[in-house]
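The file structure-v2.pdb contains PDB, C-alpha atoms, pLDDT in the B column:
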```pdb
ATOM      1  CA  MET A  28     -19.362-103.428  13.631  1.00 45.00           C
ATOM      2  CA  GLN A  29     -17.837-105.318  16.525  1.00 47.00           C
ATOM      3  CA  ASP A  30     -15.257-107.993  16.016  1.00 50.00           C
ATOM      4  CA  GLN A  31     -15.456-111.348  17.777  1.00 52.00           C
ATOM      5  CA  SER A  32     -13.097-110.338  20.605  1.00 50.00           C
ATOM      6  CA  ASP A  33     -15.371-107.360  21.484  1.00 53.00           C
ATOM      7  CA  LYS A  34     -18.417-109.651  21.633  1.00 52.00           C
ATOM      8  CA  GLY A  35     -16.563-112.084  23.869  1.00 51.00           C
ATOM      9  CA  ALA A  36     -15.502-109.261  26.175  1.00 51.00           C
ATOM     10  CA  GLN A  37     -19.108-108.069  26.444  1.00 54.00           C
ATOM     11  CA  ARG A  38     -20.317-111.535  27.398  1.00 60.00           C
ATOM     12  CA  ALA A  39     -17.581-111.736  30.029  1.00 67.00           C
ATOM     13  CA  MET A  40     -18.750-108.548  31.779  1.00 77.00           C
ATOM     14  CA  PRO A  41     -20.590-109.435  34.987  1.00 91.00           C
ATOM     15  CA  VAL A  42     -24.318-108.795  35.084  1.00 90.00           C
ATOM     16  CA  LEU A  43     -25.094-106.502  38.029  1.00 90.00           C
ATOM     17  CA  PHE A  44     -28.847-106.636  37.489  1.00 94.00           C
ATOM     18  CA  ARG A  45     -31.127-108.667  35.225  1.00 95.00           C
ATOM     19  CA  GLU A  46     -34.886-108.529  35.080  1.00 95.00           C
ATOM     20  CA  VAL A  47     -37.223-110.358  32.727  1.00 95.00           C
ATOM     21  CA  GLN A  48     -40.814-109.093  32.575  1.00 92.00           C
ATOM     22  CA  HIS A  49     -43.676-110.722  30.682  1.00 89.00           C
ATOM     23  CA  PHE A  50     -46.637-108.716  29.467  1.00 84.00           C
ATOM     24  CA  ARG A  51     -49.376-109.311  32.041  1.00 75.00           C
ATOM     25  CA  MET A  52     -51.747-106.455  31.271  1.00 74.00           C
ATOM     26  CA  TRP A  53     -55.276-107.511  30.330  1.00 74.00           C
ATOM     27  CA  MET A  54     -55.163-104.839  27.595  1.00 73.00           C
ATOM     28  CA  PHE A  55     -52.381-106.876  25.961  1.00 77.00           C
ATOM     29  CA  TRP A  56     -53.997-110.301  26.235  1.00 82.00           C
ATOM     30  CA  VAL A  57     -57.674-109.571  25.503  1.00 87.00           C
ATOM     31  CA  PRO A  58     -57.139-108.613  21.814  1.00 87.00           C
ATOM     32  CA  ILE A  59     -54.865-111.628  21.333  1.00 86.00           C
ATOM     33  CA  LEU A  60     -57.455-113.962  22.845  1.00 90.00           C
ATOM     34  CA  ILE A  61     -60.321-112.432  20.849  1.00 92.00           C
ATOM     35  CA  ILE A  62     -58.471-112.718  17.528  1.00 92.00           C
ATOM     36  CA  THR A  63     -57.275-116.242  18.350  1.00 92.00           C
ATOM     37  CA  GLY A  64     -60.794-117.308  19.340  1.00 93.00           C
ATOM     38  CA  LEU A  65     -62.339-115.887  16.161  1.00 92.00           C
ATOM     39  CA  VAL A  66     -59.740-117.548  13.946  1.00 91.00           C
ATOM     40  CA  TRP A  67     -60.241-120.934  15.617  1.00 92.00           C
ATOM     41  CA  TYR A  68     -64.029-120.584  15.421  1.00 92.00           C
ATOM     42  CA  GLU A  69     -63.883-119.852  11.687  1.00 91.00           C
ATOM     43  CA  PHE A  70     -61.413-122.712  11.175  1.00 91.00           C
ATOM     44  CA  TYR A  71     -63.730-125.079  13.035  1.00 91.00           C
ATOM     45  CA  GLN A  72     -66.738-123.950  10.991  1.00 90.00           C
ATOM     46  CA  GLN A  73     -64.993-124.181   7.620  1.00 90.00           C
ATOM     47  CA  ILE A  74     -62.638-127.159   7.972  1.00 89.00           C
ATOM     48  CA  ILE A  75     -64.205-129.372  10.645  1.00 90.00           C
ATOM     49  CA  ASN A  76     -67.939-128.664  10.065  1.00 89.00           C
ATOM     50  CA  ASP A  77     -67.540-128.031   6.316  1.00 87.00           C
ATOM     51  CA  ASN A  78     -69.692-124.916   6.738  1.00 85.00           C
ATOM     52  CA  PRO A  79     -67.726-121.996   5.230  1.00 84.00           C
ATOM     53  CA  ALA A  80     -68.928-118.466   6.043  1.00 82.00           C
ATOM     54  CA  GLY A  81     -70.151-115.985   3.438  1.00 83.00           C
ATOM     55  CA  SER A  82     -70.982-116.140  -0.255  1.00 84.00           C
ATOM     56  CA  GLN A  83     -67.285-116.195  -1.228  1.00 85.00           C
ATOM     57  CA  PRO A  84     -65.534-118.180   1.511  1.00 87.00           C
ATOM     58  CA  LEU A  85     -61.793-118.439   1.881  1.00 87.00           C
ATOM     59  CA  PRO A  86     -60.131-121.387   0.222  1.00 90.00           C
ATOM     60  CA  ASP A  87     -59.313-124.154   2.707  1.00 90.00           C
ATOM     61  CA  TRP A  88     -55.565-123.575   2.331  1.00 91.00           C
ATOM     62  CA  ALA A  89     -56.036-119.923   3.376  1.00 90.00           C
ATOM     63  CA  ALA A  90     -58.045-121.005   6.428  1.00 90.00           C
ATOM     64  CA  TRP A  91     -55.141-123.280   7.412  1.00 92.00           C
ATOM     65  CA  VAL A  92     -52.573-120.486   6.918  1.00 93.00           C
ATOM     66  CA  LEU A  93     -54.607-117.965   8.947  1.00 90.00           C
ATOM     67  CA  THR A  94     -55.095-120.499  11.731  1.00 92.00           C
ATOM     68  CA  ILE A  95     -51.393-121.309  11.888  1.00 93.00           C
ATOM     69  CA  VAL A  96     -50.339-117.639  11.822  1.00 92.00           C
ATOM     70  CA  PHE A  97     -53.041-116.081  14.031  1.00 92.00           C
ATOM     71  CA  GLY A  98     -54.499-119.078  15.875  1.00 92.00           C
ATOM     72  CA  VAL A  99     -51.121-120.477  16.927  1.00 92.00           C
ATOM     73  CA  GLY A 100     -48.373-117.969  16.098  1.00 91.00           C
ATOM     74  CA  PHE A 101     -50.064-114.884  17.552  1.00 87.00           C
ATOM     75  CA  PRO A 102     -50.596-116.292  21.083  1.00 90.00           C
ATOM     76  CA  VAL A 103     -47.153-117.946  21.056  1.00 91.00           C
ATOM     77  CA  PHE A 104     -45.608-114.586  20.126  1.00 86.00           C
ATOM     78  CA  GLY A 105     -47.525-112.938  22.993  1.00 87.00           C
ATOM     79  CA  TYR A 106     -46.197-115.559  25.394  1.00 88.00           C
ATOM     80  CA  VAL A 107     -42.589-115.263  24.140  1.00 89.00           C
ATOM     81  CA  LEU A 108     -42.556-111.441  24.116  1.00 88.00           C
ATOM     82  CA  ARG A 109     -40.780-110.053  27.178  1.00 93.00           C
ATOM     83  CA  LEU A 110     -38.861-107.021  28.359  1.00 93.00           C
ATOM     84  CA  ILE A 111     -35.292-107.853  29.384  1.00 95.00           C
ATOM     85  CA  THR A 112     -33.227-105.295  31.287  1.00 95.00           C
ATOM     86  CA  GLU A 113     -29.563-105.803  32.184  1.00 94.00           C
ATOM     87  CA  VAL A 114     -27.111-103.547  33.947  1.00 94.00           C
ATOM     88  CA  ARG A 115     -23.435-104.330  33.412  1.00 94.00           C
ATOM     89  CA  PRO A 116     -20.370-102.276  34.330  1.00 93.00           C
ATOM     90  CA  GLY A 117     -20.541 -99.207  32.110  1.00 91.00           C
ATOM     91  CA  GLU A 118     -23.833-100.022  30.323  1.00 93.00           C
ATOM     92  CA  VAL A 119     -27.568-100.634  30.510  1.00 94.00           C
ATOM     93  CA  ARG A 120     -29.172-102.988  27.988  1.00 94.00           C
ATOM     94  CA  VAL A 121     -32.884-103.108  27.371  1.00 95.00           C
ATOM     95  CA  ARG A 122     -34.692-105.161  24.757  1.00 93.00           C
ATOM     96  CA  LEU A 123     -38.131-106.336  23.877  1.00 91.00           C
ATOM     97  CA  TYR A 124     -37.289-109.985  23.218  1.00 92.00           C
ATOM     98  CA  PRO A 125     -37.164-111.411  20.531  1.00 90.00           C
ATOM     99  CA  PHE A 126     -36.178-108.041  19.030  1.00 90.00           C
ATOM    100  CA  ARG A 127     -32.947-106.151  19.611  1.00 90.00           C
ATOM    101  CA  GLY A 128     -32.819-103.095  21.799  1.00 91.00           C
ATOM    102  CA  PRO A 129     -30.464-100.290  22.680  1.00 93.00           C
ATOM    103  CA  THR A 130     -27.411-100.306  24.879  1.00 93.00           C
ATOM    104  CA  ILE A 131     -27.085 -97.147  26.936  1.00 92.00           C
ATOM    105  CA  ALA A 132     -23.589 -96.204  28.059  1.00 92.00           C
ATOM    106  CA  VAL A 133     -23.550 -95.281  31.753  1.00 92.00           C
ATOM    107  CA  ARG A 134     -21.306 -92.306  30.919  1.00 93.00           C
ATOM    108  CA  ASP A 135     -24.245 -90.917  28.875  1.00 93.00           C
ATOM    109  CA  ILE A 136     -26.606 -91.033  31.884  1.00 93.00           C
ATOM    110  CA  VAL A 137     -26.630 -87.573  33.452  1.00 92.00           C
ATOM    111  CA  GLU A 138     -29.051 -88.548  36.201  1.00 92.00           C
ATOM    112  CA  ALA A 139     -31.494 -91.323  37.078  1.00 93.00           C
ATOM    113  CA  GLU A 140     -34.265 -91.862  39.596  1.00 94.00           C
ATOM    114  CA  VAL A 141     -36.934 -94.398  40.466  1.00 95.00           C
ATOM    115  CA  ARG A 142     -40.415 -93.020  39.892  1.00 95.00           C
ATOM    116  CA  GLU A 143     -44.024 -94.031  39.428  1.00 94.00           C
ATOM    117  CA  TYR A 144     -45.457 -93.661  35.945  1.00 93.00           C
ATOM    118  CA  SER A 145     -48.689 -94.292  34.091  1.00 90.00           C
ATOM    119  CA  GLY A 146     -48.013 -96.264  30.929  1.00 85.00           C
ATOM    120  CA  GLN A 147     -51.385 -95.414  29.447  1.00 85.00           C
ATOM    121  CA  ARG A 148     -51.511 -91.719  30.373  1.00 88.00           C
ATOM    122  CA  GLU A 149     -47.855 -90.778  29.787  1.00 89.00           C
ATOM    123  CA  TYR A 150     -46.923 -93.037  26.873  1.00 89.00           C
ATOM    124  CA  GLY A 151     -50.203 -94.281  25.390  1.00 84.00           C
ATOM    125  CA  GLY A 152     -49.623 -97.883  26.483  1.00 82.00           C
ATOM    126  CA  TRP A 153     -46.883-100.404  27.207  1.00 85.00           C
ATOM    127  CA  GLY A 154     -44.066-101.817  25.122  1.00 86.00           C
ATOM    128  CA  VAL A 155     -41.603 -99.550  23.340  1.00 89.00           C
ATOM    129  CA  ARG A 156     -43.159 -96.091  23.194  1.00 89.00           C
ATOM    130  CA  THR A 157     -41.898 -92.635  22.237  1.00 89.00           C
ATOM    131  CA  THR A 158     -43.609 -89.321  22.869  1.00 89.00           C
ATOM    132  CA  PRO A 159     -42.272 -85.808  22.290  1.00 88.00           C
ATOM    133  CA  LYS A 160     -43.106 -84.756  25.858  1.00 86.00           C
ATOM    134  CA  ALA A 161     -42.087 -87.799  27.928  1.00 87.00           C
ATOM    135  CA  GLY A 162     -39.332 -89.322  25.755  1.00 90.00           C
ATOM    136  CA  LYS A 163     -38.826 -93.039  25.161  1.00 93.00           C
ATOM    137  CA  ALA A 164     -40.226 -95.797  27.377  1.00 93.00           C
ATOM    138  CA  TYR A 165     -39.605 -99.531  27.590  1.00 94.00           C
ATOM    139  CA  THR A 166     -42.336-101.046  29.754  1.00 92.00           C
ATOM    140  CA  ALA A 167     -44.167-104.348  30.179  1.00 90.00           C
ATOM    141  CA  TYR A 168     -46.574-103.687  33.067  1.00 86.00           C
ATOM    142  CA  GLY A 169     -46.780-102.017  36.426  1.00 88.00           C
ATOM    143  CA  ARG A 170     -46.209 -98.464  37.635  1.00 91.00           C
ATOM    144  CA  GLN A 171     -42.566 -98.390  38.762  1.00 94.00           C
ATOM    145  CA  GLY A 172     -39.780 -97.304  36.457  1.00 94.00           C
ATOM    146  CA  MET A 173     -36.215 -96.031  36.265  1.00 95.00           C
ATOM    147  CA  GLN A 174     -36.263 -92.589  34.676  1.00 94.00           C
ATOM    148  CA  MET A 175     -32.944 -91.677  33.061  1.00 93.00           C
ATOM    149  CA  TRP A 176     -31.877 -88.330  31.632  1.00 94.00           C
ATOM    150  CA  LEU A 177     -29.183 -88.786  29.020  1.00 92.00           C
ATOM    151  CA  GLU A 178     -26.712 -86.464  27.322  1.00 90.00           C
ATOM    152  CA  GLY A 179     -28.401 -84.325  24.697  1.00 87.00           C
ATOM    153  CA  ASP A 180     -31.571 -83.860  26.799  1.00 85.00           C
ATOM    154  CA  GLU A 181     -32.867 -87.324  25.910  1.00 92.00           C
ATOM    155  CA  ARG A 182     -35.145 -89.126  28.383  1.00 94.00           C
ATOM    156  CA  VAL A 183     -35.586 -92.881  28.748  1.00 94.00           C
ATOM    157  CA  LEU A 184     -37.880 -94.712  31.163  1.00 94.00           C
ATOM    158  CA  ILE A 185     -37.430 -98.436  31.801  1.00 95.00           C
ATOM    159  CA  GLY A 186     -40.230-100.193  33.671  1.00 94.00           C
ATOM    160  CA  THR A 187     -39.185-102.408  36.569  1.00 95.00           C
ATOM    161  CA  GLN A 188     -40.731-104.534  39.279  1.00 94.00           C
ATOM    162  CA  ARG A 189     -37.507-104.349  41.331  1.00 95.00           C
ATOM    163  CA  PRO A 190     -36.711-100.611  41.455  1.00 95.00           C
ATOM    164  CA  GLU A 191     -34.341-100.640  44.441  1.00 94.00           C
ATOM    165  CA  GLU A 192     -32.183-103.412  42.965  1.00 94.00           C
ATOM    166  CA  PHE A 193     -32.128-101.597  39.618  1.00 94.00           C
ATOM    167  CA  ALA A 194     -31.030 -98.371  41.331  1.00 93.00           C
ATOM    168  CA  GLU A 195     -28.257-100.118  43.266  1.00 92.00           C
ATOM    169  CA  ALA A 196     -26.971-101.821  40.120  1.00 93.00           C
ATOM    170  CA  LEU A 197     -26.927 -98.487  38.257  1.00 92.00           C
ATOM    171  CA  ARG A 198     -24.946 -96.930  41.105  1.00 90.00           C
ATOM    172  CA  ALA A 199     -22.515 -99.869  41.031  1.00 90.00           C
ATOM    173  CA  ALA A 200     -22.167 -99.390  37.258  1.00 89.00           C
ATOM    174  CA  GLY A 201     -21.181 -95.754  37.821  1.00 80.00           C
ATOM    175  CA  ALA A 202     -24.402 -93.776  37.248  1.00 80.00           C
ATOM    176  CA  PHE A 203     -25.700 -90.985  39.470  1.00 77.00           C
ATOM    177  CA  VAL A 204     -29.023 -92.167  40.900  1.00 81.00           C
ATOM    178  CA  ARG A 205     -31.103 -89.937  43.153  1.00 83.00           C
TER     179      ARG A 205
END
```

Represent the structure from my file as structure tokens, please.
Amino acid sequence: MQDQSDKGAQRAMPVLFREVQHFRMWMFWVPILIITGLVWYEFYQQIINDNPAGSQPLPDWAAWVLTIVFGVGFPVFGYVLRLITEVRPGEVRVRLYPFRGPTIAVRDIVEAEVREYSGQREYGGWGVRTTPKAGKAYTAYGRQGMQMWLEGDERVLIGTQRPEEFAEALRAAGAFVR
């Protein structure tokens, strides 16, 4: 566990690169919109029209809870969710906000390169993904990424829309980038 002085020192380190990516893929938003639409439709039918569905309809309180969680919370969560990548001297931080993510020490990066990838074909989608063959990926959308090979034969891909800036920041942080 870090003490307060370590946390203050980390905040004081200059940010060499920062990128915030929202999930823009239709494959991300269509299920959210379908579920949200269905929940609001059922809420409208049961609460507003007083026409509950089925022979054993949900109690009204449950319809309210489902609407708040899935009709409001689900799309808000989709809007808030984002991939944040930062390069600082000696480290790379990546997180799927609002969750925590790893910090990769630059000294652990054996090699890195910008490359094109297919989120669906290589990793089975976007977000935080792990496959035995391709390693770990942190992606939001697009086809450009920073592929890193770490100590211990570990591979990490971080999606980016600004690959050249990411590469320059990694070099400035002390990593070998092809």

task: With a distance cut-off of 10 Å and all atoms listed in the file, select the neighbouring residues of Gln48 of chain A, excluding the residue or stretch itself and same-chain residues fewer than 3 positions from it, and output the selection as a list in words.
output: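 So the residues in contact are Arg51, Leu108, Arg109, Leu110, Ile111, Thr112, Leu123, Thr166, Ala167, Tyr168, Gly186, Thr187 and Gln188 of chain A.
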
query: In Å, how far is it from atom CA of Pro159 of chain A to atom CA of Ala200 of chain A?
result: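 Taking atom CA of Pro159 of chain A as the start and atom CA of Ala200 of chain A as the end point, the length is 28.5 Å.
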
- prompt: Distance atom CA of Pro116 of chain A-atom CA of Tyr165 of chain A, one decimal place?
  reply: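 So the two atoms, atom CA of Pro116 of chain A and atom CA of Tyr165 of chain A, lie 20.6 Å apart.
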
field: Polymer residues at most 9 Å from Ala202 of chain A, only C-alpha atoms, same-chain spacing of 3 or more positions, as a PyMOL selection string
entry: chain A and resi 117+133-139+196-199

If you keep C-alpha atoms, can you produce a file of those selected residues as a compact mmCIF listing (two decimals), in the frame of the given file?
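Below is the file part06.txt, written as the result:
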```txt
# COMPACT_ATOMS: atom_id res chain seq x y z
CA GLY A 117 -20.54 -99.21 32.11
CA VAL A 133 -23.55 -95.28 31.75
CA ARG A 134 -21.31 -92.31 30.92
CA ASP A 135 -24.24 -90.92 28.88
CA ILE A 136 -26.61 -91.03 31.88
CA VAL A 137 -26.63 -87.57 33.45
CA GLU A 138 -29.05 -88.55 36.20
CA ALA A 139 -31.49 -91.32 37.08
CA ALA A 196 -26.97 -101.82 40.12
CA LEU A 197 -26.93 -98.49 38.26
CA ARG A 198 -24.95 -96.93 41.10
CA ALA A 199 -22.52 -99.87 41.03
```

- request: Work out how far atom CA of Gly64 of chain A is from atom CA of Tyr150 of chain A, in Å to one decimal.
  value: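 Going from atom CA of Tyr150 of chain A over to atom CA of Gly64 of chain A, I get 29.0 Å.
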
Listed atoms of segment 90-107 of chain A, axis-aligned box, 4 Å per side: centre and edge lengths to one decimal in Å, as JSON?
```
{"center_x": -50.3, "center_y": -118.1, "center_z": 15.9, "size_x": 23.5, "size_y": 18.3, "size_z": 27.0}
```

field: A:Phe203, A:Tyr106, A:Phe70, A:Trp88 ranked by distance to Phe50 of chain A, top pick (using all atoms listed in the file)
entry: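 Under the stated criterion, the closest residue is A:Tyr106.
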
- request: For each of A:Arg182, A:Trp67, A:Glu195, A:Val121, take the minimum atom-to-atom distance to Val96 of chain A, counting all atoms listed in the file, then give the residue where this is smallest.
  value: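 Ranking A:Arg182, A:Trp67, A:Glu195, A:Val121 by distance to Val96 of chain A, first place goes to A:Trp67.
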
- request: Counting all atoms listed in the file, figure out which residue out of A:Gly100, A:Pro79, A:Pro58, A:Gly152 gets nearest to Arg170 of chain A.
  value: A:Gly152

- prompt: Taking into account only C-alpha atoms, which residue in the set A:Gln171, A:Thr157, A:Thr63, A:Thr130 is nearest to Gly105 of chain A?
  reply: A:Thr63

- request: Return the single residue from A:Asp77, A:Leu43, A:Ala89, A:Gly154 that is closest to Phe55 of chain A, with distances computed using only C-alpha atoms.
  value: A:Gly154
